[in-house]
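Trainee: Before I ask anything, let me first share the structure, which is written out below as structure tokens.
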Amino acid sequence: MRPGRVLIAVVMAVIALFGYYASREKNPITGKTQSVALSQEQEVVLGLQSAPQMAQEFGGPDPDPSVQADLEQIGRKLVRQGKVAHTPYRFQFKVLRDEQTVNAFALPGGPIFITRALLARLENEAQLAGVLGHEVGHVVGRHSAEQIAKTQLGEGLVGAVGVATTSDDHGGSQGAQQMAAFVAQMTLMKYGREHELEADAFGVQIMSEAGYDPRALLDVMTILANASGGSRQPEFVSTHPDPGNRQERIRQKIATTFPEGVPGRLTVGRRITPPQRSILPVADR
Ligand SMILES: [Zn+2]
């Protein structure tokens, strides 16, 4: 099952449970007014419900408890502060076993995943914080909810769910047709460039607040650009064919955040050492 299909099944269940919701709201964290297809409560339900199936798409959770604990620790550092701490989202950070697919992604409402393949390419905590911060940015930016509204997936689903519950045959086949179209849309659903740039800017902000040097996110862009594309495009690179340009925007964000230069107290943290891929203290730093 493709991740999109898992998600659509859960979207349908959530909509059946709560009803379709669409509104224009000002996001208190990004300050942006956006049309969203889900309430924050629905986002949390959707994320929690779909997390186990989405994890299975990338080999399931990594069985090494120390790898999970290290990731959780860095993730917590990012979300326990500032405005993020006061959102209703339930953040959880999981390493997935997949050693081939270089990827990280977020589900609505808080679940955030990184594959072993990506983790193995990262060199230090700050780079990891940059990846996780970017994904937290997608969650608090409510990008999935906005994307679902944009594709009118939500409205269509309500129609389909409504039609499917009526017993006449004509309605049933119409519902099935609509459903097939939504599955296709959902599978193709990607964040737009604007969302990626917003997530990058947010990543710079929260990784800095957590004490990490935001320039590490620039390294992440280079690492991702060098990662050869497999059969599945990593979320990070699939929607932005121009990492150079994205790096430029990150540089600008760092410059406006720290006009006097990046303070010395912001560090790259501990080193992440392959092939164990566990985070080890570095004595000589
Ligand atoms: Zn992204």
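Residues are referred to by chain and number: the chain letter is A, B, ... according to the order shown in the structure tokens, the number counts from 1 in that chain, and ligands are numbered separately from 1 in the order shown.
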Using only C-alpha atoms, which protein or nucleic acid residues come within 9 Å of Phe58 of chain A? Drop anything in the same chain fewer than 6 positions from it, and give the result as a ChimeraX atom specification.
Mentor: /A:96-99,101,115
Trainee: Kindly give the distance, in Å, that separates atom CA of Leu118 of chain A and atom CA of Gly211 of chain A, rounded to a single decimal.
Mentor: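 If I compute the distance from atom CA of Leu118 of chain A to atom CA of Gly211 of chain A, I get 22.1 Å.
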Trainee: Measuring atom to atom with only C-alpha atoms and all ligand atoms, identify which of A:Val139, A:Met54, A:Ile206, A:Ala129 is nearest to ligand 1.
Mentor: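 Nearest to ligand 1: A:Val139.
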Trainee: One number please: atom CA of Leu132 of chain A to atom CA of Pro28 of chain A, in Å, one decimal.
Mentor: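 Spanning atom CA of Leu132 of chain A to atom CA of Pro28 of chain A is a straight-line distance of 20.4 Å.
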Trainee: Would you pick out the contacts of Arg90 of chain A at 12 Å or less, using only C-alpha atoms, so that residues sharing its chain but fewer than 3 positions from it are not included, and give the list as a ChimeraX atom specification?
Mentor: /A:40-41,43-48,51,75-76,79-80,84-87,93,106-112,136,139-140
Trainee: Can you tell me, as a list in words, what residues are no more than 12 Å from Pro65 of chain A when counting only C-alpha atoms, ignoring any on the same chain fewer than 4 positions away?
Mentor: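 Residues near the query, excluding close chain neighbours: Pro61, Ala69, Asp70, Leu71, Glu72, Lys94, Val95, Leu96 and Ser278 of chain A.
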Trainee: Could you dump the residues just selected with all heavy atoms as a short mmCIF file (atom, residue, chain, number, x, y, z; two decimals), in the first residue's frame?
Mentor:
data_model
loop_
_atom_site.label_atom_id
_atom_site.label_comp_id
_atom_site.auth_asym_id
_atom_site.auth_seq_id
_atom_site.Cartn_x
_atom_site.Cartn_y
_atom_site.Cartn_z
N PRO A 61 9.19 0.78 12.86
CA PRO A 61 10.12 1.46 13.76
C PRO A 61 11.42 0.69 13.92
O PRO A 61 11.41 -0.54 13.93
CB PRO A 61 9.36 1.49 15.10
CG PRO A 61 7.93 1.26 14.76
CD PRO A 61 7.92 0.43 13.51
N ALA A 69 15.71 6.61 21.48
CA ALA A 69 15.81 7.53 22.62
C ALA A 69 16.60 8.78 22.25
O ALA A 69 16.23 9.90 22.62
CB ALA A 69 16.47 6.82 23.81
N ASP A 70 17.68 8.60 21.47
CA ASP A 70 18.48 9.75 21.05
C ASP A 70 17.65 10.70 20.18
O ASP A 70 17.71 11.92 20.33
CB ASP A 70 19.70 9.28 20.24
CG ASP A 70 20.76 8.64 21.13
OD1 ASP A 70 20.74 8.88 22.35
OD2 ASP A 70 21.61 7.90 20.59
N LEU A 71 16.88 10.11 19.28
CA LEU A 71 16.07 10.94 18.38
C LEU A 71 14.99 11.69 19.17
O LEU A 71 14.79 12.90 18.99
CB LEU A 71 15.38 10.07 17.31
CG LEU A 71 14.58 10.87 16.30
CD1 LEU A 71 15.49 11.55 15.29
CD2 LEU A 71 13.55 10.02 15.58
N GLU A 72 14.33 10.96 20.04
CA GLU A 72 13.26 11.54 20.86
C GLU A 72 13.81 12.71 21.68
O GLU A 72 13.17 13.76 21.80
CB GLU A 72 12.68 10.45 21.77
CG GLU A 72 11.46 10.83 22.59
CD GLU A 72 10.19 11.01 21.77
OE1 GLU A 72 10.09 10.43 20.67
OE2 GLU A 72 9.30 11.76 22.24
N LYS A 94 10.23 9.19 15.48
CA LYS A 94 10.57 7.77 15.33
C LYS A 94 11.57 7.56 14.19
O LYS A 94 11.42 8.15 13.12
CB LYS A 94 9.31 6.96 15.00
CG LYS A 94 8.34 6.81 16.16
CD LYS A 94 8.59 5.50 16.86
CE LYS A 94 7.80 5.25 18.14
NZ LYS A 94 7.02 6.28 18.73
N VAL A 95 12.54 6.69 14.46
CA VAL A 95 13.44 6.25 13.40
C VAL A 95 12.81 5.03 12.75
O VAL A 95 12.35 4.12 13.44
CB VAL A 95 14.83 5.86 13.96
CG1 VAL A 95 15.76 5.43 12.83
CG2 VAL A 95 15.44 7.02 14.75
N LEU A 96 12.77 5.00 11.43
CA LEU A 96 12.24 3.85 10.70
C LEU A 96 13.39 3.03 10.12
O LEU A 96 14.44 3.57 9.79
CB LEU A 96 11.27 4.32 9.61
CG LEU A 96 10.08 5.14 10.14
CD1 LEU A 96 9.18 5.59 9.00
CD2 LEU A 96 9.29 4.37 11.19
N SER A 278 24.47 5.57 15.98
CA SER A 278 24.02 6.07 17.28
C SER A 278 24.76 7.35 17.57
O SER A 278 25.85 7.59 17.06
CB SER A 278 24.25 5.03 18.36
OG SER A 278 25.64 4.79 18.49
#
